[in-house]
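Enquirer: This is the content of query-v4.cif (mmCIF, C-alpha atoms):
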```cif
data_data
loop_
_atom_site.group_PDB
_atom_site.id
_atom_site.type_symbol
_atom_site.label_atom_id
_atom_site.label_comp_id
_atom_site.auth_asym_id
_atom_site.auth_seq_id
_atom_site.Cartn_x
_atom_site.Cartn_y
_atom_site.Cartn_z
ATOM 1 C CA MET F 111 0.000 0.000 0.000
ATOM 2 C CA ALA F 112 2.813 2.409 0.821
ATOM 3 C CA GLY F 113 4.252 1.794 -2.640
ATOM 4 C CA ALA F 114 1.264 3.378 -4.348
ATOM 5 C CA ARG F 115 1.849 6.639 -2.587
ATOM 6 C CA ASP F 116 5.462 6.770 -3.648
ATOM 7 C CA LEU F 117 4.616 6.906 -7.334
ATOM 8 C CA PRO F 118 5.172 10.244 -9.077
ATOM 9 C CA PRO F 119 2.112 11.937 -10.593
ATOM 10 C CA ASP F 120 0.668 10.545 -13.823
ATOM 11 C CA GLU F 121 2.112 13.239 -16.126
ATOM 12 C CA VAL F 122 5.600 12.407 -14.911
ATOM 13 C CA LEU F 123 5.041 8.644 -15.113
ATOM 14 C CA VAL F 124 3.640 8.834 -18.619
ATOM 15 C CA GLN F 125 6.427 11.070 -19.915
ATOM 16 C CA ARG F 126 9.116 8.852 -18.438
ATOM 17 C CA LEU F 127 7.513 5.699 -19.805
ATOM 18 C CA ARG F 128 7.310 7.297 -23.238
ATOM 19 C CA ASP F 129 11.001 8.164 -22.919
ATOM 20 C CA GLY F 130 11.674 4.492 -22.202
ATOM 21 C CA ASP F 131 12.879 5.074 -18.640
ATOM 22 C CA GLU F 132 13.473 1.602 -17.242
ATOM 23 C CA GLU F 133 13.494 2.653 -13.594
ATOM 24 C CA THR F 134 9.984 4.069 -13.958
ATOM 25 C CA PHE F 135 8.782 0.947 -15.733
ATOM 26 C CA VAL F 136 10.146 -1.234 -12.938
ATOM 27 C CA LEU F 137 8.439 1.000 -10.388
ATOM 28 C CA VAL F 138 4.942 0.719 -11.903
ATOM 29 C CA LEU F 139 5.495 -2.934 -12.785
ATOM 30 C CA ASP F 140 6.319 -3.836 -9.187
ATOM 31 C CA THR F 141 3.658 -1.592 -7.667
ATOM 32 C CA TRP F 142 0.707 -2.685 -9.796
ATOM 33 C CA SER F 143 1.392 -6.233 -10.979
ATOM 34 C CA GLY F 144 0.186 -7.886 -7.762
ATOM 35 C CA GLY F 145 -3.225 -6.216 -7.890
ATOM 36 C CA MET F 146 -3.421 -6.920 -11.610
ATOM 37 C CA LEU F 147 -2.725 -10.584 -10.990
ATOM 38 C CA ARG F 148 -5.562 -10.810 -8.464
ATOM 39 C CA LEU F 149 -7.920 -9.055 -10.813
ATOM 40 C CA ALA F 150 -6.931 -11.285 -13.740
ATOM 41 C CA MET F 151 -7.665 -14.344 -11.587
ATOM 42 C CA SER F 152 -11.319 -13.290 -11.651
ATOM 43 C CA PHE F 153 -11.496 -13.962 -15.363
ATOM 44 C CA VAL F 154 -9.237 -16.908 -16.065
ATOM 45 C CA SER F 155 -8.933 -20.296 -14.449
ATOM 46 C CA THR F 156 -5.273 -20.668 -13.491
ATOM 47 C CA LYS F 157 -2.556 -18.548 -11.993
ATOM 48 C CA ALA F 158 -0.407 -19.265 -15.056
ATOM 49 C CA SER F 159 -3.113 -17.823 -17.326
ATOM 50 C CA ALA F 160 -3.510 -14.836 -15.046
ATOM 51 C CA GLU F 161 0.199 -14.185 -15.183
ATOM 52 C CA GLU F 162 0.112 -14.279 -18.972
ATOM 53 C CA VAL F 163 -2.737 -11.789 -18.933
ATOM 54 C CA VAL F 164 -0.637 -9.477 -16.773
ATOM 55 C CA GLN F 165 2.307 -9.870 -19.126
ATOM 56 C CA ASP F 166 0.215 -9.230 -22.236
ATOM 57 C CA THR F 167 -1.256 -6.194 -20.532
ATOM 58 C CA TRP F 168 2.155 -4.679 -19.805
ATOM 59 C CA LEU F 169 3.261 -5.311 -23.394
ATOM 60 C CA ALA F 170 0.141 -3.510 -24.600
ATOM 61 C CA VAL F 171 0.768 -0.717 -22.091
ATOM 62 C CA PHE F 172 4.211 0.289 -23.175
ATOM 63 C CA LYS F 173 3.384 -0.177 -26.827
ATOM 64 C CA GLY F 174 0.279 1.976 -26.429
ATOM 65 C CA ILE F 175 1.593 4.559 -23.995
ATOM 66 C CA SER F 176 2.126 7.096 -26.820
ATOM 67 C CA ASP F 177 -1.653 6.999 -27.423
ATOM 68 C CA PHE F 178 -2.607 7.485 -23.764
ATOM 69 C CA GLU F 179 -4.670 10.664 -23.607
ATOM 70 C CA GLY F 180 -4.938 11.145 -19.883
ATOM 71 C CA ARG F 181 -8.737 11.007 -19.819
ATOM 72 C CA SER F 182 -8.559 8.574 -16.916
ATOM 73 C CA SER F 183 -5.742 7.937 -14.475
ATOM 74 C CA LEU F 184 -2.868 5.897 -15.834
ATOM 75 C CA LYS F 185 -3.684 3.058 -13.459
ATOM 76 C CA THR F 186 -7.320 2.952 -14.576
ATOM 77 C CA TRP F 187 -6.173 2.880 -18.181
ATOM 78 C CA VAL F 188 -3.846 -0.025 -17.393
ATOM 79 C CA TYR F 189 -6.626 -1.884 -15.513
ATOM 80 C CA ARG F 190 -8.976 -1.347 -18.430
ATOM 81 C CA ILE F 191 -6.491 -2.987 -20.777
ATOM 82 C CA LEU F 192 -6.114 -5.790 -18.265
ATOM 83 C CA VAL F 193 -9.863 -6.400 -18.012
ATOM 84 C CA ASN F 194 -10.206 -6.474 -21.800
ATOM 85 C CA THR F 195 -7.235 -8.798 -22.182
ATOM 86 C CA ALA F 196 -8.482 -11.058 -19.407
ATOM 87 C CA LYS F 197 -12.037 -11.123 -20.771
ATOM 88 C CA ALA F 198 -10.809 -12.104 -24.231
ATOM 89 C CA ARG F 199 -8.784 -14.870 -22.678
ATOM 90 C CA GLY F 200 -11.556 -15.931 -20.288
ATOM 91 C CA THR F 201 -13.913 -16.321 -23.219
ATOM 92 C CA LYS F 202 -11.448 -18.683 -24.836
ATOM 93 C CA GLU F 203 -11.376 -20.636 -21.584
ATOM 94 C CA SER F 204 -15.181 -20.235 -21.406
ATOM 95 C CA ARG F 205 -15.084 -18.972 -17.878
ATOM 96 C CA THR F 206 -16.302 -15.417 -18.265
ATOM 97 C CA VAL F 207 -19.807 -14.704 -17.036
ATOM 98 C CA PRO F 208 -21.310 -11.535 -18.465
ATOM 99 C CA PHE F 209 -21.859 -8.827 -15.900
ATOM 100 C CA ALA F 210 -25.047 -7.409 -17.366
ATOM 101 C CA SER F 211 -27.514 -9.250 -15.140
ATOM 102 C CA LEU F 212 -27.426 -11.130 -11.880
ATOM 103 C CA VAL F 213 -27.388 -14.909 -11.878
ATOM 104 C CA PRO F 214 -29.563 -16.938 -9.467
ATOM 105 C CA GLU F 215 -26.808 -17.729 -6.961
ATOM 106 C CA GLU F 216 -26.276 -14.002 -6.570
ATOM 107 C CA GLU F 217 -29.744 -13.500 -5.166
ATOM 108 C CA GLY F 218 -31.279 -14.494 -1.860
ATOM 109 C CA PRO F 219 -30.177 -13.724 1.694
ATOM 110 C CA THR F 220 -26.504 -13.112 2.510
ATOM 111 C CA VAL F 221 -26.905 -14.243 6.118
ATOM 112 C CA ASP F 222 -28.166 -17.746 6.837
ATOM 113 C CA ALA F 223 -31.934 -17.554 7.450
ATOM 114 C CA GLU F 224 -31.492 -19.963 10.379
ATOM 115 C CA ARG F 225 -29.891 -17.183 12.358
ATOM 116 C CA PHE F 226 -33.148 -15.228 12.588
ATOM 117 C CA ARG F 227 -36.377 -15.996 14.406
ATOM 118 C CA PRO F 228 -38.825 -17.542 11.924
ATOM 119 C CA PRO F 229 -42.073 -15.867 10.824
ATOM 120 C CA GLY F 230 -44.883 -16.418 13.290
ATOM 121 C CA GLU F 231 -42.606 -16.450 16.312
ATOM 122 C CA GLN F 232 -42.387 -13.499 18.658
ATOM 123 C CA HIS F 233 -39.829 -10.976 17.351
ATOM 124 C CA ALA F 234 -39.823 -12.700 13.959
ATOM 125 C CA GLY F 235 -36.961 -11.484 11.764
ATOM 126 C CA HIS F 236 -34.728 -10.622 14.717
ATOM 127 C CA TRP F 237 -31.588 -12.505 15.661
ATOM 128 C CA ALA F 238 -32.425 -15.883 17.135
ATOM 129 C CA VAL F 239 -31.126 -16.841 20.567
ATOM 130 C CA ASP F 240 -27.340 -17.352 20.488
ATOM 131 C CA GLN F 241 -27.261 -16.459 16.797
ATOM 132 C CA GLU F 242 -26.510 -12.759 16.899
ATOM 133 C CA PRO F 243 -22.950 -11.817 16.016
ATOM 134 C CA ARG F 244 -20.651 -12.117 19.001
ATOM 135 C CA ASP F 245 -17.860 -9.730 19.799
ATOM 136 C CA TRP F 246 -14.731 -10.614 17.952
ATOM 137 C CA HIS F 247 -11.255 -9.339 18.273
ATOM 138 C CA ILE F 248 -8.879 -8.996 15.362
ATOM 139 C CA PRO F 249 -5.459 -9.614 16.888
ATOM 140 C CA GLU F 250 -2.853 -6.852 16.759
ATOM 141 C CA ASP F 251 -0.036 -9.326 16.936
ATOM 142 C CA HIS F 252 1.843 -9.297 13.657
ATOM 143 C CA VAL F 253 1.846 -13.046 13.062
ATOM 144 C CA LEU F 254 -1.841 -13.442 13.919
ATOM 145 C CA ARG F 255 -2.745 -10.523 11.664
ATOM 146 C CA GLY F 256 -0.940 -12.434 8.946
ATOM 147 C CA GLU F 257 -3.202 -15.392 9.688
ATOM 148 C CA VAL F 258 -6.271 -13.178 9.373
ATOM 149 C CA ARG F 259 -4.997 -11.997 6.000
ATOM 150 C CA GLU F 260 -4.581 -15.635 4.970
ATOM 151 C CA VAL F 261 -8.184 -16.384 5.950
ATOM 152 C CA ILE F 262 -9.378 -13.450 3.873
ATOM 153 C CA ALA F 263 -7.149 -14.270 0.896
ATOM 154 C CA GLN F 264 -8.468 -17.819 0.928
ATOM 155 C CA ALA F 265 -12.074 -16.672 1.243
ATOM 156 C CA LEU F 266 -11.513 -14.270 -1.639
ATOM 157 C CA ASP F 267 -10.190 -17.055 -3.841
ATOM 158 C CA GLU F 268 -13.272 -19.144 -3.102
ATOM 159 C CA LEU F 269 -15.759 -16.468 -4.140
ATOM 160 C CA PRO F 270 -17.648 -16.849 -7.426
ATOM 161 C CA PRO F 271 -15.730 -14.923 -10.131
ATOM 162 C CA ARG F 272 -17.978 -11.878 -10.406
ATOM 163 C CA LEU F 273 -18.118 -11.309 -6.671
ATOM 164 C CA ARG F 274 -14.369 -11.688 -6.527
ATOM 165 C CA THR F 275 -13.849 -9.195 -9.331
ATOM 166 C CA VAL F 276 -15.960 -6.510 -7.697
ATOM 167 C CA ILE F 277 -14.574 -6.868 -4.182
ATOM 168 C CA THR F 278 -11.012 -7.061 -5.523
ATOM 169 C CA LEU F 279 -11.468 -3.775 -7.332
ATOM 170 C CA ARG F 280 -13.328 -2.016 -4.532
ATOM 171 C CA ASP F 281 -11.813 -3.274 -1.286
ATOM 172 C CA VAL F 282 -8.378 -4.574 -2.290
ATOM 173 C CA ALA F 283 -7.403 -2.159 -5.073
ATOM 174 C CA GLY F 284 -9.378 0.714 -3.531
ATOM 175 C CA TYR F 285 -11.359 1.829 -6.589
ATOM 176 C CA GLY F 286 -14.490 3.939 -6.193
ATOM 177 C CA SER F 287 -17.927 2.764 -7.205
ATOM 178 C CA GLU F 288 -18.082 4.845 -10.402
ATOM 179 C CA GLU F 289 -14.773 3.567 -11.728
ATOM 180 C CA VAL F 290 -15.761 -0.041 -11.074
ATOM 181 C CA CYS F 291 -19.134 0.356 -12.768
ATOM 182 C CA SER F 292 -17.511 1.844 -15.832
ATOM 183 C CA LEU F 293 -14.685 -0.703 -15.890
ATOM 184 C CA LEU F 294 -17.084 -3.667 -15.695
ATOM 185 C CA GLU F 295 -20.036 -2.021 -17.448
ATOM 186 C CA ILE F 296 -22.502 -2.740 -14.645
ATOM 187 C CA SER F 297 -25.128 -0.566 -12.983
ATOM 188 C CA PRO F 298 -24.388 0.949 -9.555
ATOM 189 C CA GLY F 299 -27.201 -1.192 -8.094
ATOM 190 C CA ASN F 300 -25.765 -4.466 -9.397
ATOM 191 C CA GLN F 301 -22.329 -3.447 -8.278
ATOM 192 C CA ARG F 302 -23.597 -2.952 -4.730
ATOM 193 C CA VAL F 303 -25.396 -6.300 -4.743
ATOM 194 C CA LEU F 304 -22.229 -8.128 -5.821
ATOM 195 C CA LEU F 305 -20.059 -6.171 -3.407
ATOM 196 C CA HIS F 306 -22.418 -6.786 -0.513
ATOM 197 C CA ARG F 307 -22.568 -10.534 -1.143
ATOM 198 C CA ALA F 308 -18.808 -10.717 -1.360
ATOM 199 C CA ARG F 309 -18.284 -8.736 1.849
ATOM 200 C CA ALA F 310 -20.933 -10.706 3.731
ATOM 201 C CA SER F 311 -19.266 -13.938 2.700
ATOM 202 C CA LEU F 312 -15.849 -12.713 3.876
ATOM 203 C CA ARG F 313 -17.298 -11.494 7.175
ATOM 204 C CA ARG F 314 -18.782 -14.922 7.728
ATOM 205 C CA LYS F 315 -15.443 -16.645 7.124
ATOM 206 C CA LEU F 316 -13.744 -14.213 9.450
ATOM 207 C CA GLU F 317 -16.432 -14.832 12.072
ATOM 208 C CA ASP F 318 -15.869 -18.582 11.851
ATOM 209 C CA TYR F 319 -12.135 -18.134 12.170
ATOM 210 C CA LEU F 320 -12.159 -15.564 14.962
ATOM 211 C CA SER F 321 -14.853 -17.241 17.042
ATOM 212 C CA GLY F 322 -12.917 -20.496 16.853
ATOM 213 C CA ALA F 323 -9.815 -18.673 18.073
ATOM 214 C CA GLN F 324 -11.774 -16.870 20.768
ATOM 215 C CA ASP F 325 -13.543 -19.840 22.264
ATOM 216 C CA VAL F 326 -10.114 -21.083 23.186
ATOM 217 C CA ALA F 327 -8.825 -17.748 24.425
ATOM 218 C CA VAL F 328 -11.813 -16.266 26.253
ATOM 219 C CA GLY F 329 -14.374 -18.940 26.905
ATOM 220 C CA GLY F 330 -17.976 -17.843 27.219
ATOM 221 C CA ASP F 331 -17.866 -15.435 30.138
ATOM 222 C CA GLU F 332 -19.321 -12.407 28.421
ATOM 223 C CA ARG F 333 -22.419 -12.660 26.274
ATOM 224 C CA GLY F 334 -22.433 -9.018 25.212
ATOM 225 C CA LEU F 335 -26.200 -9.001 25.057
ATOM 226 C CA ARG F 336 -28.164 -5.904 25.618
ATOM 227 C CA MET A 177 -36.950 -2.646 10.412
ATOM 228 C CA ASP A 178 -36.020 -6.235 11.316
ATOM 229 C CA CYS A 179 -32.491 -7.606 11.698
ATOM 230 C CA VAL A 180 -33.060 -9.865 8.712
ATOM 231 C CA ASP A 181 -33.556 -6.747 6.529
ATOM 232 C CA PHE A 182 -30.851 -4.721 8.208
ATOM 233 C CA VAL A 183 -28.071 -7.152 7.302
ATOM 234 C CA GLU A 184 -28.938 -6.859 3.602
ATOM 235 C CA LEU A 185 -28.733 -3.065 3.593
ATOM 236 C CA VAL A 186 -25.300 -2.600 5.135
ATOM 237 C CA THR A 187 -23.383 -1.959 1.912
ATOM 238 C CA ASP A 188 -26.086 0.371 0.603
ATOM 239 C CA PHE A 189 -25.850 2.244 3.897
ATOM 240 C CA LEU A 190 -22.054 2.457 3.798
ATOM 241 C CA GLU A 191 -22.210 3.668 0.177
ATOM 242 C CA GLY A 192 -24.748 6.340 1.047
ATOM 243 C CA ALA A 193 -27.149 4.711 -1.402
ATOM 244 C CA LEU A 194 -30.167 4.282 0.893
ATOM 245 C CA PRO A 195 -33.159 6.527 0.259
ATOM 246 C CA ASP A 196 -33.598 8.991 3.150
ATOM 247 C CA ALA A 197 -36.543 7.175 4.743
ATOM 248 C CA ASP A 198 -34.731 3.819 4.677
ATOM 249 C CA GLU A 199 -31.579 5.364 6.045
ATOM 250 C CA LEU A 200 -33.565 6.775 8.935
ATOM 251 C CA ARG A 201 -35.082 3.374 9.712
ATOM 252 C CA PHE A 202 -31.670 1.766 9.376
ATOM 253 C CA ILE A 203 -30.183 4.147 11.952
ATOM 254 C CA GLU A 204 -33.152 3.751 14.267
ATOM 255 C CA HIS A 205 -32.710 0.013 14.207
ATOM 256 C CA LEU A 206 -28.957 0.331 14.693
ATOM 257 C CA ALA A 207 -29.475 2.403 17.821
ATOM 258 C CA GLU A 208 -31.671 -0.271 19.375
ATOM 259 C CA CYS A 209 -30.079 -3.549 18.370
ATOM 260 C CA SER A 210 -26.688 -4.581 19.697
ATOM 261 C CA GLY A 211 -26.507 -7.594 17.359
ATOM 262 C CA CYS A 212 -26.903 -5.435 14.272
ATOM 263 C CA GLU A 213 -24.590 -2.779 15.636
ATOM 264 C CA ARG A 214 -21.966 -5.485 15.937
ATOM 265 C CA TYR A 215 -22.789 -6.820 12.477
ATOM 266 C CA LEU A 216 -22.185 -3.387 10.952
ATOM 267 C CA ASP A 217 -18.981 -2.955 12.898
ATOM 268 C CA GLN A 218 -17.708 -6.369 11.802
ATOM 269 C CA PHE A 219 -18.587 -5.516 8.227
ATOM 270 C CA ARG A 220 -16.398 -2.423 8.500
ATOM 271 C CA GLN A 221 -13.580 -4.436 10.038
ATOM 272 C CA THR A 222 -13.866 -6.998 7.251
ATOM 273 C CA ILE A 223 -13.558 -4.241 4.651
ATOM 274 C CA ALA A 224 -10.537 -2.788 6.439
ATOM 275 C CA ALA A 225 -8.845 -6.181 6.754
ATOM 276 C CA THR A 226 -9.492 -6.918 3.069
ATOM 277 C CA GLY A 227 -7.748 -3.646 2.250
ATOM 278 C CA GLU A 228 -4.626 -4.913 3.989
ATOM 279 C CA LEU A 229 -4.148 -7.879 1.675
ATOM 280 C CA THR A 230 -0.673 -7.977 0.311
ATOM 281 C CA PRO A 231 -0.884 -8.426 -3.419
ATOM 282 C CA ASP A 232 0.452 -11.570 -5.030
ATOM 283 C CA ARG A 233 3.588 -11.163 -7.046
ATOM 284 C CA ILE A 234 4.245 -12.130 -10.602
ATOM 285 C CA SER A 235 7.014 -14.691 -10.926
ATOM 286 C CA PRO A 236 10.630 -13.538 -11.307
ATOM 287 C CA ASP A 237 10.679 -15.130 -14.775
ATOM 288 C CA ALA A 238 7.656 -13.209 -15.961
ATOM 289 C CA ARG A 239 9.104 -10.022 -14.533
ATOM 290 C CA GLN A 240 12.425 -10.611 -16.271
ATOM 291 C CA GLN A 241 10.715 -11.305 -19.597
ATOM 292 C CA LEU A 242 8.840 -8.036 -19.308
ATOM 293 C CA LEU A 243 12.016 -6.102 -18.590
ATOM 294 C CA THR A 244 13.647 -7.658 -21.629
ATOM 295 C CA ALA A 245 10.612 -6.818 -23.747
ATOM 296 C CA PHE A 246 10.707 -3.260 -22.425
ATOM 297 C CA ARG A 247 14.368 -2.862 -23.383
ATOM 298 C CA ASP A 248 13.693 -4.258 -26.863
ATOM 299 C CA TRP A 249 10.796 -1.892 -27.329
ATOM 300 C CA ARG A 250 12.869 1.079 -26.185
ATOM 301 C CA GLN A 251 15.521 0.349 -28.745
ATOM 302 C CA GLN A 252 13.106 0.368 -31.660
#
```
Could you write out this structure as structure tokens?
Expert:
Amino acid sequence: MAGARDLPPDEVLVQRLRDGDEETFVLVLDTWSGGMLRLAMSFVSTKASAEEVVQDTWLAVFKGISDFEGRSSLKTWVYRILVNTAKARGTKESRTVPFASLVPEEEGPTVDAERFRPPGEQHAGHWAVDQEPRDWHIPEDHVLRGEVREVIAQALDELPPRLRTVITLRDVAGYGSEEVCSLLEISPGNQRVLLHRARASLRRKLEDYLSGAQDVAVGGDERGLR
Amino acid sequence: MDCVDFVELVTDFLEGALPDADELRFIEHLAECSGCERYLDQFRQTIAATGELTPDRISPDARQQLLTAFRDWRQQ
């Protein structure tokens, strides 16, 4: 994350890339390739394919840099090339799902219905007994934080491709809603649905992991109920 | 608003996308329900933790090939 802030402004980057400045190329290559790899994984089936997409994208970037008009940020332009390259490749691997409409598994509740009191019962639709989220504690310890990151990385990899694409762009790469909608050609509403499902799924995985860790550490002394 | 509805509106709320009346009901519910307050807080923590993911790296070979390609391109 710190790396992104160290980059010079776009005008400088673009000029230096056009001049063939290798140091600048190495800088953007090393700063952006990781995020690009994750994003490419949303469209193709293997890490090897994703890596080829990233490579093809960089080739297209420095060959096309003289045509870059600065209408978007350089990074958005690069990501756009990546998405197009990855989509073309994903189609060949028949993995790409069009973004235009939601598919059935992207509808329905994001929290297990069992966790709420059923219709007809008193306080129907409210958290059922012992089912409301319990306090969790994300450890500050460096090693344990690394474990939490592992849990999230794993959960991210297990998401359906479209959910993974949206959450990767929004929450990992830090893009705003408008940029993501335009990059993926989806409506703001659909983008929020996909993002919400992805986040809810990650929260659930984190809950499983942290509550497992906590039962050992704390026991059940504090219920935290109102 | 019930908890079962609240949990589906969290991203819309965080994005500022809820219509005014719904946002009001969302906040009213939040103020009264510790379970949902915690759900929202955990959602935020999940987003923050996701933002800390260290990106994968491309392989040294791929990186080297790109540097070579860059040098070739520069010399054209």
Enquirer: With a cut-off of 6 Å and counting only C-alpha atoms, select all residues of chain F in contact with chain A and give the selection as a short mmCIF file (atom, residue, chain, number, x, y, z; two decimals) with C-alpha atoms, in the coordinates of the input.
Expert:
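Contents of out_2.cif, as written:
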```cif
data_model
loop_
_atom_site.label_atom_id
_atom_site.label_comp_id
_atom_site.auth_asym_id
_atom_site.auth_seq_id
_atom_site.Cartn_x
_atom_site.Cartn_y
_atom_site.Cartn_z
CA GLY F 130 11.67 4.49 -22.20
CA GLY F 144 0.19 -7.89 -7.76
CA GLY F 145 -3.22 -6.22 -7.89
CA GLY F 235 -36.96 -11.48 11.76
CA HIS F 236 -34.73 -10.62 14.72
CA GLU F 242 -26.51 -12.76 16.90
CA PRO F 243 -22.95 -11.82 16.02
CA ASP F 281 -11.81 -3.27 -1.29
CA VAL F 282 -8.38 -4.57 -2.29
CA HIS F 306 -22.42 -6.79 -0.51
CA ARG F 313 -17.30 -11.49 7.18
#
```
Enquirer: Take the PyMOL selection byres ((chain F and resi 217-227) around 7), apply it to the structure above, and return the hits as JSON, numbers by chain.
Expert: {"F": [214, 215, 216, 228, 229, 231, 233, 234, 235, 236, 237, 238, 241, 307, 310], "A": [180, 184]}
Enquirer: As a check of understanding, name the residues that the PyMOL selection byres ((chain F and resi 155-159) around 10) selects in the supplied structure, as a PDB file with C-alpha atoms, in the coordinates of the input.
Expert:
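Output saved as selection_18.pdb:
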```
ATOM      1  CA  LEU F 147      -2.725 -10.584 -10.990  1.00  0.00           C
ATOM      2  CA  ARG F 148      -5.562 -10.810  -8.464  1.00  0.00           C
ATOM      3  CA  ALA F 150      -6.931 -11.285 -13.740  1.00  0.00           C
ATOM      4  CA  MET F 151      -7.665 -14.344 -11.587  1.00  0.00           C
ATOM      5  CA  SER F 152     -11.319 -13.290 -11.651  1.00  0.00           C
ATOM      6  CA  PHE F 153     -11.496 -13.962 -15.363  1.00  0.00           C
ATOM      7  CA  VAL F 154      -9.237 -16.908 -16.065  1.00  0.00           C
ATOM      8  CA  ALA F 160      -3.510 -14.836 -15.046  1.00  0.00           C
ATOM      9  CA  GLU F 161       0.199 -14.185 -15.183  1.00  0.00           C
ATOM     10  CA  GLU F 162       0.112 -14.279 -18.972  1.00  0.00           C
ATOM     11  CA  VAL F 163      -2.737 -11.789 -18.933  1.00  0.00           C
ATOM     12  CA  VAL F 164      -0.637  -9.477 -16.773  1.00  0.00           C
ATOM     13  CA  GLN F 165       2.307  -9.870 -19.126  1.00  0.00           C
ATOM     14  CA  ALA F 196      -8.482 -11.058 -19.407  1.00  0.00           C
ATOM     15  CA  ARG F 199      -8.784 -14.870 -22.678  1.00  0.00           C
ATOM     16  CA  GLY F 200     -11.556 -15.931 -20.288  1.00  0.00           C
ATOM     17  CA  GLU F 203     -11.376 -20.636 -21.584  1.00  0.00           C
ATOM     18  CA  SER F 204     -15.181 -20.235 -21.406  1.00  0.00           C
ATOM     19  CA  ARG F 205     -15.084 -18.972 -17.878  1.00  0.00           C
ATOM     20  CA  THR F 206     -16.302 -15.417 -18.265  1.00  0.00           C
ATOM     21  CA  PRO F 271     -15.730 -14.923 -10.131  1.00  0.00           C
TER      22      PRO F 271
ATOM     23  CA  ILE A 234       4.245 -12.130 -10.602  1.00  0.00           C
ATOM     24  CA  SER A 235       7.014 -14.691 -10.926  1.00  0.00           C
TER      25      SER A 235
END
```
Enquirer: So that I can see what lies close to Phe189 (chain A), please list as a PyMOL selection string the residues with an atom at most 9 Å from it, counting only C-alpha atoms and leaving out residues fewer than 5 positions away in the same chain.
Expert: chain A and resi 194+199+202
Enquirer: CA of Ser287 (chain F) and CA of Ser176 (chain F), how far apart in Å?
Expert: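 Value for the CA of Ser176 (chain F)-CA of Ser287 (chain F) distance: 28.4 Å.
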Enquirer: On this structure, the PyMOL selection byres ((chain F and resi 119) around 12) would catch which residues? List them as a ChimeraX atom specification, sorted by chain and number.
Expert: /F:114-118,120-126,134,138,180,183-185
Enquirer: Quick one: distance from CA of Arg128 (chain F) to CA of Tyr189 (chain F) in Å, one decimal?
Expert: 18.4 Å
Enquirer: Select, from A:Leu190, A:Asp198, A:Asp237, A:Gln252, the residue with the minimum atom-to-atom distance to Asp129 (chain F), counting only C-alpha atoms.
Expert: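 Checking each candidate against Asp129 (chain F), we get A:Gln252 as the closest.
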Enquirer: If we count only C-alpha atoms and set the cut-off at 10 Å, which residues sit around Arg280 (chain F), ignoring sequence neighbours fewer than 4 positions away in its own chain? Please answer as number ranges by chain.
Expert: F: 274-276, 284-287, 289-290, 301, 305; A: 223, 226-227
Enquirer: Give me a file of those residues, with C-alpha atoms, as a PDB file, in the coordinates of the input.
Expert:
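Heads up, here's the output in part01.pdb:
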```
ATOM      1  CA  ARG F 274     -14.369 -11.688  -6.527  1.00  0.00           C
ATOM      2  CA  THR F 275     -13.849  -9.195  -9.331  1.00  0.00           C
ATOM      3  CA  VAL F 276     -15.960  -6.510  -7.697  1.00  0.00           C
ATOM      4  CA  GLY F 284      -9.378   0.714  -3.531  1.00  0.00           C
ATOM      5  CA  TYR F 285     -11.359   1.829  -6.589  1.00  0.00           C
ATOM      6  CA  GLY F 286     -14.490   3.939  -6.193  1.00  0.00           C
ATOM      7  CA  SER F 287     -17.927   2.764  -7.205  1.00  0.00           C
ATOM      8  CA  GLU F 289     -14.773   3.567 -11.728  1.00  0.00           C
ATOM      9  CA  VAL F 290     -15.761  -0.041 -11.074  1.00  0.00           C
ATOM     10  CA  GLN F 301     -22.329  -3.447  -8.278  1.00  0.00           C
ATOM     11  CA  LEU F 305     -20.059  -6.171  -3.407  1.00  0.00           C
TER      12      LEU F 305
ATOM     13  CA  ILE A 223     -13.558  -4.241   4.651  1.00  0.00           C
ATOM     14  CA  THR A 226      -9.492  -6.918   3.069  1.00  0.00           C
ATOM     15  CA  GLY A 227      -7.748  -3.646   2.250  1.00  0.00           C
TER      16      GLY A 227
END
```
